[in-house]
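File shown: target-v1.pdb (PDB, C-alpha atoms).
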```pdb
MODEL        1
ATOM      1  CA  MET S   1      42.101 180.920  54.571
ATOM      2  CA  ASN S   2      41.612 178.432  57.416
ATOM      3  CA  ARG S   3      42.467 179.705  60.865
ATOM      4  CA  ARG S   4      43.344 177.292  63.594
ATOM      5  CA  THR S   5      41.387 177.671  66.828
ATOM      6  CA  PRO S   6      43.128 177.864  70.213
ATOM      7  CA  GLY S   7      41.912 174.318  70.917
ATOM      8  CA  THR S   8      43.592 172.994  67.780
ATOM      9  CA  ALA S   9      46.818 174.803  68.592
ATOM     10  CA  SER S  10      46.764 173.382  72.124
ATOM     11  CA  ALA S  11      46.215 169.873  70.761
ATOM     12  CA  TYR S  12      49.201 170.242  68.418
ATOM     13  CA  LEU S  13      51.328 171.521  71.316
ATOM     14  CA  VAL S  14      50.394 168.595  73.548
ATOM     15  CA  LEU S  15      51.047 166.096  70.730
ATOM     16  CA  THR S  16      54.421 167.711  70.033
ATOM     17  CA  LEU S  17      55.449 167.492  73.686
ATOM     18  CA  LEU S  18      54.358 163.849  73.872
ATOM     19  CA  SER S  19      56.250 163.053  70.667
ATOM     20  CA  VAL S  20      59.421 164.649  72.006
ATOM     21  CA  THR S  21      59.032 162.718  75.276
ATOM     22  CA  MET S  22      58.652 159.421  73.408
ATOM     23  CA  LEU S  23      61.499 160.069  70.974
ATOM     24  CA  PHE S  24      64.013 161.379  73.530
ATOM     25  CA  PRO S  25      65.161 157.906  74.752
ATOM     26  CA  PHE S  26      65.762 156.839  71.153
ATOM     27  CA  LEU S  27      67.704 160.042  70.489
ATOM     28  CA  TRP S  28      69.789 159.411  73.607
ATOM     29  CA  MET S  29      70.475 155.851  72.434
ATOM     30  CA  LEU S  30      71.492 157.034  68.954
ATOM     31  CA  LEU S  31      73.859 159.716  70.232
ATOM     32  CA  SER S  32      75.269 157.388  72.897
ATOM     33  CA  SER S  33      76.301 154.985  70.159
ATOM     34  CA  PHE S  34      78.925 157.591  69.173
ATOM     35  CA  LYS S  35      80.404 157.689  72.688
ATOM     36  CA  ASP S  36      83.281 155.545  73.905
ATOM     37  CA  ALA S  37      83.443 153.802  77.284
ATOM     38  CA  THR S  38      84.749 156.929  79.021
ATOM     39  CA  GLN S  39      81.937 159.179  77.758
ATOM     40  CA  ILE S  40      78.981 156.825  78.138
ATOM     41  CA  TYR S  41      78.392 157.742  81.802
ATOM     42  CA  GLU S  42      78.548 161.479  81.196
ATOM     43  CA  MET S  43      75.167 163.064  81.758
ATOM     44  CA  ARG S  44      75.179 164.992  78.519
ATOM     45  CA  LEU S  45      73.192 164.399  75.347
ATOM     46  CA  LEU S  46      75.838 165.215  72.754
ATOM     47  CA  PRO S  47      79.097 163.248  72.818
ATOM     48  CA  SER S  48      82.124 165.396  73.648
ATOM     49  CA  ALA S  49      84.291 163.462  71.171
ATOM     50  CA  PRO S  50      82.137 161.537  68.656
ATOM     51  CA  THR S  51      83.635 158.256  67.496
ATOM     52  CA  LEU S  52      82.754 155.380  65.187
ATOM     53  CA  SER S  53      84.869 152.892  67.137
ATOM     54  CA  ASN S  54      81.777 151.136  68.518
ATOM     55  CA  TYR S  55      80.429 150.429  65.038
ATOM     56  CA  LEU S  56      83.853 149.333  63.811
ATOM     57  CA  TYR S  57      84.182 146.917  66.723
ATOM     58  CA  LEU S  58      80.739 145.362  66.226
ATOM     59  CA  PHE S  59      81.130 144.852  62.486
ATOM     60  CA  THR S  60      84.856 144.296  61.938
ATOM     61  CA  SER S  61      86.359 142.898  65.132
ATOM     62  CA  ARG S  62      87.177 139.184  65.211
ATOM     63  CA  ASN S  63      85.850 139.057  68.774
ATOM     64  CA  SER S  64      82.438 140.357  67.721
ATOM     65  CA  ARG S  65      79.641 138.025  66.614
ATOM     66  CA  PHE S  66      77.266 140.915  65.976
ATOM     67  CA  PRO S  67      76.981 140.362  62.170
ATOM     68  CA  GLN S  68      76.058 136.708  62.791
ATOM     69  CA  TRP S  69      73.483 137.695  65.407
ATOM     70  CA  PHE S  70      72.020 140.223  62.987
ATOM     71  CA  LEU S  71      71.801 137.546  60.288
ATOM     72  CA  ASN S  72      70.169 135.099  62.706
ATOM     73  CA  SER S  73      67.499 137.626  63.671
ATOM     74  CA  ALA S  74      66.885 138.461  60.008
ATOM     75  CA  ILE S  75      66.448 134.781  59.105
ATOM     76  CA  VAL S  76      64.094 134.153  62.021
ATOM     77  CA  GLY S  77      62.084 137.345  61.468
ATOM     78  CA  ILE S  78      61.657 136.916  57.708
ATOM     79  CA  ALA S  79      60.944 133.167  57.797
ATOM     80  CA  THR S  80      58.354 133.395  60.567
ATOM     81  CA  THR S  81      56.669 136.397  58.950
ATOM     82  CA  VAL S  82      56.309 134.636  55.593
ATOM     83  CA  SER S  83      55.005 131.515  57.341
ATOM     84  CA  VAL S  84      52.498 133.442  59.445
ATOM     85  CA  LEU S  85      51.193 135.437  56.479
ATOM     86  CA  PHE S  86      50.549 132.273  54.475
ATOM     87  CA  PHE S  87      49.233 129.864  57.097
ATOM     88  CA  ASP S  88      47.248 132.384  59.157
ATOM     89  CA  SER S  89      45.535 133.783  56.075
ATOM     90  CA  LEU S  90      44.863 130.251  54.789
ATOM     91  CA  VAL S  91      43.311 129.152  58.089
ATOM     92  CA  GLY S  92      41.369 132.414  58.361
ATOM     93  CA  TYR S  93      40.046 131.977  54.817
ATOM     94  CA  THR S  94      39.012 128.385  55.541
ATOM     95  CA  LEU S  95      37.195 129.309  58.753
ATOM     96  CA  ALA S  96      35.461 132.303  57.151
ATOM     97  CA  LYS S  97      34.390 130.902  53.770
ATOM     98  CA  PHE S  98      33.922 127.149  54.228
ATOM     99  CA  ARG S  99      31.056 125.542  56.091
ATOM    100  CA  PHE S 100      31.928 122.309  57.897
ATOM    101  CA  PRO S 101      30.960 120.679  61.219
ATOM    102  CA  GLY S 102      32.916 121.985  64.193
ATOM    103  CA  ARG S 103      34.056 125.151  62.447
ATOM    104  CA  ARG S 104      33.127 127.392  65.384
ATOM    105  CA  VAL S 105      34.634 124.987  67.897
ATOM    106  CA  VAL S 106      37.940 124.968  66.013
ATOM    107  CA  PHE S 107      37.965 128.762  65.936
ATOM    108  CA  LEU S 108      37.223 129.006  69.676
ATOM    109  CA  LEU S 109      39.993 126.529  70.467
ATOM    110  CA  ILE S 110      42.469 128.556  68.422
ATOM    111  CA  ILE S 111      41.418 131.810  70.101
ATOM    112  CA  SER S 112      41.570 130.221  73.560
ATOM    113  CA  THR S 113      45.322 129.690  73.153
ATOM    114  CA  LEU S 114      45.743 133.473  73.405
ATOM    115  CA  MET S 115      44.937 133.197  77.122
ATOM    116  CA  ILE S 116      47.906 130.883  77.781
ATOM    117  CA  PRO S 117      50.985 132.815  78.991
ATOM    118  CA  THR S 118      54.151 132.250  77.000
ATOM    119  CA  GLU S 119      55.990 131.278  80.186
ATOM    120  CA  MET S 120      53.748 128.200  80.475
ATOM    121  CA  LEU S 121      54.589 127.074  76.940
ATOM    122  CA  VAL S 122      58.378 127.196  77.021
ATOM    123  CA  ILE S 123      58.705 123.822  78.773
ATOM    124  CA  PRO S 124      56.545 121.936  76.209
ATOM    125  CA  TRP S 125      58.294 123.827  73.420
ATOM    126  CA  TYR S 126      61.715 122.873  74.757
ATOM    127  CA  ALA S 127      60.695 119.238  75.233
ATOM    128  CA  MET S 128      59.477 119.163  71.634
ATOM    129  CA  ALA S 129      62.601 120.869  70.310
ATOM    130  CA  ARG S 130      64.833 118.465  72.208
ATOM    131  CA  ALA S 131      62.893 115.418  71.020
ATOM    132  CA  LEU S 132      63.186 116.585  67.409
ATOM    133  CA  LYS S 133      66.832 117.645  67.867
ATOM    134  CA  TRP S 134      66.007 121.255  67.060
ATOM    135  CA  VAL S 135      67.945 122.760  69.988
ATOM    136  CA  ASN S 136      70.603 125.221  68.777
ATOM    137  CA  THR S 137      69.055 125.340  65.295
ATOM    138  CA  TYR S 138      67.022 127.879  63.363
ATOM    139  CA  TRP S 139      64.023 125.538  63.404
ATOM    140  CA  GLY S 140      64.178 125.392  67.177
ATOM    141  CA  VAL S 141      63.981 129.185  67.420
ATOM    142  CA  MET S 142      61.342 129.610  64.718
ATOM    143  CA  PHE S 143      58.752 126.869  65.157
ATOM    144  CA  PRO S 144      56.728 128.521  67.993
ATOM    145  CA  GLY S 145      56.240 131.579  65.776
ATOM    146  CA  MET S 146      55.422 129.874  62.467
ATOM    147  CA  ILE S 147      51.680 130.372  63.033
ATOM    148  CA  SER S 148      49.821 132.592  65.488
ATOM    149  CA  ALA S 149      46.338 132.559  66.974
ATOM    150  CA  PHE S 150      46.134 136.347  66.744
ATOM    151  CA  GLY S 151      46.888 136.191  63.031
ATOM    152  CA  VAL S 152      44.191 133.549  62.485
ATOM    153  CA  PHE S 153      41.671 135.740  64.317
ATOM    154  CA  LEU S 154      42.661 138.855  62.379
ATOM    155  CA  MET S 155      42.565 137.159  58.984
ATOM    156  CA  ARG S 156      39.298 135.363  59.732
ATOM    157  CA  GLN S 157      37.641 138.687  60.577
ATOM    158  CA  PHE S 158      38.901 140.338  57.386
ATOM    159  CA  MET S 159      38.103 137.325  55.212
ATOM    160  CA  GLY S 160      34.560 137.337  56.577
ATOM    161  CA  THR S 161      33.953 140.791  55.096
ATOM    162  CA  MET S 162      34.727 139.639  51.549
ATOM    163  CA  PRO S 163      31.661 139.177  49.274
ATOM    164  CA  ASP S 164      30.914 135.507  48.647
ATOM    165  CA  ASP S 165      29.853 136.433  45.099
ATOM    166  CA  LEU S 166      33.492 137.043  44.103
ATOM    167  CA  ILE S 167      34.518 133.591  45.264
ATOM    168  CA  ASP S 168      31.509 131.957  43.605
ATOM    169  CA  ALA S 169      32.285 133.777  40.348
ATOM    170  CA  ALA S 170      35.868 132.503  40.467
ATOM    171  CA  ARG S 171      34.622 128.958  40.995
ATOM    172  CA  VAL S 172      32.291 129.300  38.021
ATOM    173  CA  ASP S 173      35.309 130.390  35.941
ATOM    174  CA  GLY S 174      36.938 127.078  36.821
ATOM    175  CA  LYS S 175      39.574 128.272  39.279
ATOM    176  CA  GLY S 176      40.733 125.885  41.969
ATOM    177  CA  GLU S 177      40.383 126.688  45.652
ATOM    178  CA  LEU S 178      44.090 127.404  46.159
ATOM    179  CA  ARG S 179      44.164 129.688  43.132
ATOM    180  CA  ILE S 180      41.056 131.502  44.398
ATOM    181  CA  PHE S 181      42.758 131.978  47.751
ATOM    182  CA  LEU S 182      45.964 133.337  46.201
ATOM    183  CA  THR S 183      44.533 135.498  43.404
ATOM    184  CA  VAL S 184      41.152 136.604  44.747
ATOM    185  CA  ALA S 185      41.144 136.498  48.537
ATOM    186  CA  LEU S 186      44.638 137.683  49.442
ATOM    187  CA  PRO S 187      44.624 140.887  47.319
ATOM    188  CA  LEU S 188      41.426 141.958  49.095
ATOM    189  CA  VAL S 189      42.932 141.693  52.576
ATOM    190  CA  THR S 190      46.155 143.617  51.921
ATOM    191  CA  PRO S 191      45.701 145.914  54.967
ATOM    192  CA  ALA S 192      45.341 142.938  57.304
ATOM    193  CA  LEU S 193      48.405 141.256  55.784
ATOM    194  CA  ALA S 194      50.446 144.435  56.245
ATOM    195  CA  ILE S 195      49.378 144.822  59.876
ATOM    196  CA  LEU S 196      50.076 141.158  60.592
ATOM    197  CA  ALA S 197      53.488 141.364  58.918
ATOM    198  CA  ILE S 198      54.500 144.389  61.006
ATOM    199  CA  PHE S 199      53.384 142.892  64.325
ATOM    200  CA  ASN S 200      54.889 139.482  63.620
ATOM    201  CA  PHE S 201      58.251 140.743  62.356
ATOM    202  CA  ILE S 202      58.670 143.133  65.281
ATOM    203  CA  GLY S 203      57.627 140.458  67.770
ATOM    204  CA  ASN S 204      60.062 137.845  66.456
ATOM    205  CA  TRP S 205      62.864 140.373  65.930
ATOM    206  CA  ASN S 206      62.615 141.490  69.574
ATOM    207  CA  ALA S 207      61.900 138.038  71.073
ATOM    208  CA  PHE S 208      64.194 137.246  73.984
ATOM    209  CA  LEU S 209      62.844 134.540  76.309
ATOM    210  CA  TRP S 210      62.428 131.639  73.880
ATOM    211  CA  PRO S 211      65.637 132.252  71.848
ATOM    212  CA  LEU S 212      67.502 132.438  75.168
ATOM    213  CA  ILE S 213      66.198 128.961  76.074
ATOM    214  CA  ALA S 214      66.333 127.369  72.613
ATOM    215  CA  VAL S 215      69.984 128.130  71.836
ATOM    216  CA  ALA S 216      73.135 127.878  73.919
ATOM    217  CA  ARG S 217      75.792 128.397  71.249
ATOM    218  CA  PRO S 218      76.855 132.056  70.874
ATOM    219  CA  ARG S 219      76.930 131.633  67.091
ATOM    220  CA  MET S 220      73.162 130.928  67.075
ATOM    221  CA  PHE S 221      72.153 133.864  69.305
ATOM    222  CA  THR S 222      69.644 136.377  67.988
ATOM    223  CA  LEU S 223      70.235 140.092  68.491
ATOM    224  CA  PRO S 224      68.372 140.515  71.830
ATOM    225  CA  VAL S 225      70.170 137.521  73.340
ATOM    226  CA  GLY S 226      73.508 138.590  71.893
ATOM    227  CA  LEU S 227      73.201 142.153  73.174
ATOM    228  CA  ALA S 228      72.427 140.805  76.639
ATOM    229  CA  ASN S 229      75.888 139.197  76.589
ATOM    230  CA  PHE S 230      77.433 142.648  76.740
ATOM    231  CA  SER S 231      76.182 142.807  80.332
ATOM    232  CA  GLY S 232      77.968 140.687  82.905
ATOM    233  CA  GLU S 233      79.193 140.479  86.479
ATOM    234  CA  ALA S 234      82.277 142.504  85.610
ATOM    235  CA  GLY S 235      80.141 145.361  84.295
ATOM    236  CA  SER S 236      78.092 146.364  81.295
ATOM    237  CA  ASN S 237      79.520 147.604  78.017
ATOM    238  CA  TRP S 238      76.823 150.208  77.532
ATOM    239  CA  HIS S 239      78.544 151.813  74.562
ATOM    240  CA  TYR S 240      78.304 148.513  72.672
ATOM    241  CA  ILE S 241      74.755 147.899  73.892
ATOM    242  CA  MET S 242      73.622 151.332  72.698
ATOM    243  CA  THR S 243      75.328 150.832  69.334
ATOM    244  CA  GLY S 244      73.873 147.368  68.825
ATOM    245  CA  ALA S 245      70.394 148.534  69.831
ATOM    246  CA  THR S 246      70.638 151.428  67.375
ATOM    247  CA  VAL S 247      71.588 149.099  64.524
ATOM    248  CA  SER S 248      68.880 146.601  65.483
ATOM    249  CA  MET S 249      66.221 149.313  65.199
ATOM    250  CA  ALA S 250      67.010 150.062  61.562
ATOM    251  CA  PRO S 251      65.206 147.013  60.052
ATOM    252  CA  LEU S 252      62.131 147.697  62.204
ATOM    253  CA  VAL S 253      61.911 151.270  60.950
ATOM    254  CA  VAL S 254      62.348 150.131  57.336
ATOM    255  CA  VAL S 255      59.691 147.405  57.651
ATOM    256  CA  PHE S 256      57.233 149.801  59.275
ATOM    257  CA  LEU S 257      57.704 152.482  56.624
ATOM    258  CA  ILE S 258      57.330 149.981  53.766
ATOM    259  CA  PHE S 259      54.178 148.343  55.097
ATOM    260  CA  GLN S 260      52.689 151.643  56.255
ATOM    261  CA  LYS S 261      52.409 152.704  52.612
ATOM    262  CA  GLN S 262      50.963 149.317  51.746
ATOM    263  CA  ILE S 263      48.293 149.665  54.423
ATOM    264  CA  VAL S 264      47.091 152.994  53.024
ATOM    265  CA  LYS S 265      47.160 151.658  49.453
ATOM    266  CA  GLY S 266      45.364 148.481  50.472
ATOM    267  CA  ILE S 267      42.580 150.357  52.260
ATOM    268  CA  ALA S 268      42.050 152.637  49.264
ATOM    269  CA  MET S 269      41.972 149.768  46.779
ATOM    270  CA  THR S 270      39.734 147.565  48.908
ATOM    271  CA  GLY S 271      36.822 149.951  48.449
ATOM    272  CA  LEU S 272      37.326 149.997  44.685
ATOM    273  CA  LYS S 273      37.573 146.221  44.374
ATOM    274  CA  GLY S 274      34.487 145.622  46.462
TER     275      GLY S 274
ENDMDL
END
```
Structure rendered as structure tokens:
Amino acid sequence: MNRRTPGTASAYLVLTLLSVTMLFPFLWMLLSSFKDATQIYEMRLLPSAPTLSNYLYLFTSRNSRFPQWFLNSAIVGIATTVSVLFFDSLVGYTLAKFRFPGRRVVFLLIISTLMIPTEMLVIPWYAMARALKWVNTYWGVMFPGMISAFGVFLMRQFMGTMPDDLIDAARVDGKGELRIFLTVALPLVTPALAILAIFNFIGNWNAFLWPLIAVARPRMFTLPVGLANFSGEAGSNWHYIMTGATVSMAPLVVVFLIFQKQIVKGIAMTGLKG
């Protein structure tokens, strides 16, 4: 029978306290979503009279655009994630497995864009979106996130660890380069794809600055921009903000749980396939 040492018990205690500290704001947000406007300012965790009126207003009221905002965020998050997974892995595969003049220079130029603050890019992005008539459209919100320098770096590092013998064997079998990329390379970098999908989806789902600039029509707002509309000069509807934030967290939790299993499975299978 294994006995835990005092040091192990202390470590578990500290981790438990830190976990409770991190989860408490989310618990407060969840429970506040069941409070009405009169209860929201009460300094108590549990609502005195729980109600579902906030959820009913957001999803059924004619004055609420919350379902449309949710759909907009879902479209942007899913489309950009699929685009990033394909193009970043394709560029990373090309830079890792093909030898051509200027390959290192191209990689350094891509990585150097990580040092440019987003605030410096919004003006060129907006000028481009306006020139292409993408303002107030899904394309206008999505195009800055269709490919990422971080994803190229991540995929290039993972692709570089793949044995060249597997790719050469596939070429000997007569497979084309695109088929090799899709059927040989991608299955071997499943953990990297899962990590990239999580980071990209969360980043685009929570993006606020660029969607705020790219769209002006309330119908095209994403969730972060839409929830900000519940705050105004006349006051903030915190009960609606807490409810909307609670609902907006659900897809992030689902995506993380799904890809967390895929990460573990991918790591285990990578050693077998190698």
Just so the selection is clear, what residues does the PyMOL selection byres ((chain S and resi 193-200) around 6) cover here, as a VMD selection string? chain S and resid 81 190 to 192 201 to 203 259 263
Which residue is closest to Trp28 in chain S? Choose from S:Met115, S:Leu46, S:Val76, S:Val14 and count all atoms listed in the file.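 Result for the nearest residue to Trp28 in chain S: S:Leu46.
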Residues near Ala250 in chain S, anyone? I mean within 12 Å using only C-alpha atoms, not counting same-chain ones fewer than 4 positions away, as a PDB file with C-alpha atoms, keeping the file's coordinate frame.
```
ATOM      1  CA  PHE S  26      65.762 156.839  71.153  1.00  0.00           C
ATOM      2  CA  LEU S  30      71.492 157.034  68.954  1.00  0.00           C
ATOM      3  CA  PHE S  70      72.020 140.223  62.987  1.00  0.00           C
ATOM      4  CA  ALA S  74      66.885 138.461  60.008  1.00  0.00           C
ATOM      5  CA  ILE S 202      58.670 143.133  65.281  1.00  0.00           C
ATOM      6  CA  TRP S 205      62.864 140.373  65.930  1.00  0.00           C
ATOM      7  CA  THR S 243      75.328 150.832  69.334  1.00  0.00           C
ATOM      8  CA  GLY S 244      73.873 147.368  68.825  1.00  0.00           C
ATOM      9  CA  ALA S 245      70.394 148.534  69.831  1.00  0.00           C
ATOM     10  CA  THR S 246      70.638 151.428  67.375  1.00  0.00           C
ATOM     11  CA  VAL S 254      62.348 150.131  57.336  1.00  0.00           C
ATOM     12  CA  VAL S 255      59.691 147.405  57.651  1.00  0.00           C
ATOM     13  CA  PHE S 256      57.233 149.801  59.275  1.00  0.00           C
ATOM     14  CA  LEU S 257      57.704 152.482  56.624  1.00  0.00           C
TER      15      LEU S 257
END
```
Could you tell me, as a list in words, exactly which residues end up selected when the PyMOL selection byres ((chain S and resi 143-148) around 9) is applied to this structure? Ala79, Thr80, Thr81, Val82, Ser83, Val84, Leu85, Phe86, Phe87, Asp88, Ile110, Leu114, Trp125, Ala129, Tyr138, Trp139, Gly140, Val141, Met142, Ala149, Phe150, Gly151, Val152, Phe153, Asn200, Asn204 and Trp210 of chain S
Can you give me, as a JSON list (two decimals) with C-alpha atoms, keeping the file's coordinate frame, the residues this file yields under the PyMOL selection byres ((chain S and resi 45) around 9)?
```json
[["chain", "number", "residue", "atom", "x", "y", "z"],
["S", 27, "LEU", "CA", 67.70, 160.04, 70.49],
["S", 28, "TRP", "CA", 69.79, 159.41, 73.61],
["S", 31, "LEU", "CA", 73.86, 159.72, 70.23],
["S", 32, "SER", "CA", 75.27, 157.39, 72.90],
["S", 42, "GLU", "CA", 78.55, 161.48, 81.20],
["S", 43, "MET", "CA", 75.17, 163.06, 81.76],
["S", 44, "ARG", "CA", 75.18, 164.99, 78.52],
["S", 46, "LEU", "CA", 75.84, 165.22, 72.75],
["S", 47, "PRO", "CA", 79.10, 163.25, 72.82]]
```
Could you pull the residues within 12 Å of range 56-67 of chain S, counting only C-alpha atoms, minus those fewer than 2 positions along the same chain, as a PyMOL selection string? chain S and resi 33-34+36+51-54+69-74+217-230+239-248
In Å, how far is it from CA of Leu95 in chain S to CA of Leu108 in chain S?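 Rounded to one decimal, the two atoms are 10.9 Å apart.
Atom to atom, CA of Leu212 in chain S and CA of Ile111 in chain S stand 26.6 Å apart.
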So how many Å separate CA of Ala207 in chain S and CA of Trp134 in chain S, to one decimal? 17.7 Å
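Closest approach to Leu90 in chain S among S:Trp238, S:Phe181, S:Phe107, S:Phe208 is made by S:Phe181 (distances from only C-alpha atoms).
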Fewer than 5 positions away in the same chain doesn't count, so skip those; otherwise give me all residues within 9 Å of Phe158 in chain S, counting only C-alpha atoms, as a list of chain:residue names. S:Gly92, S:Tyr93, S:Ala96, S:Phe153, S:Leu188, S:Val189, S:Ala192
Ranking S:Pro187, S:Val122, S:Gln68, S:Arg171 by minimum distance to Leu209 in chain S and counting all atoms listed in the file, which one comes first?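 Of all the options, S:Val122 lies closest to Leu209 in chain S.
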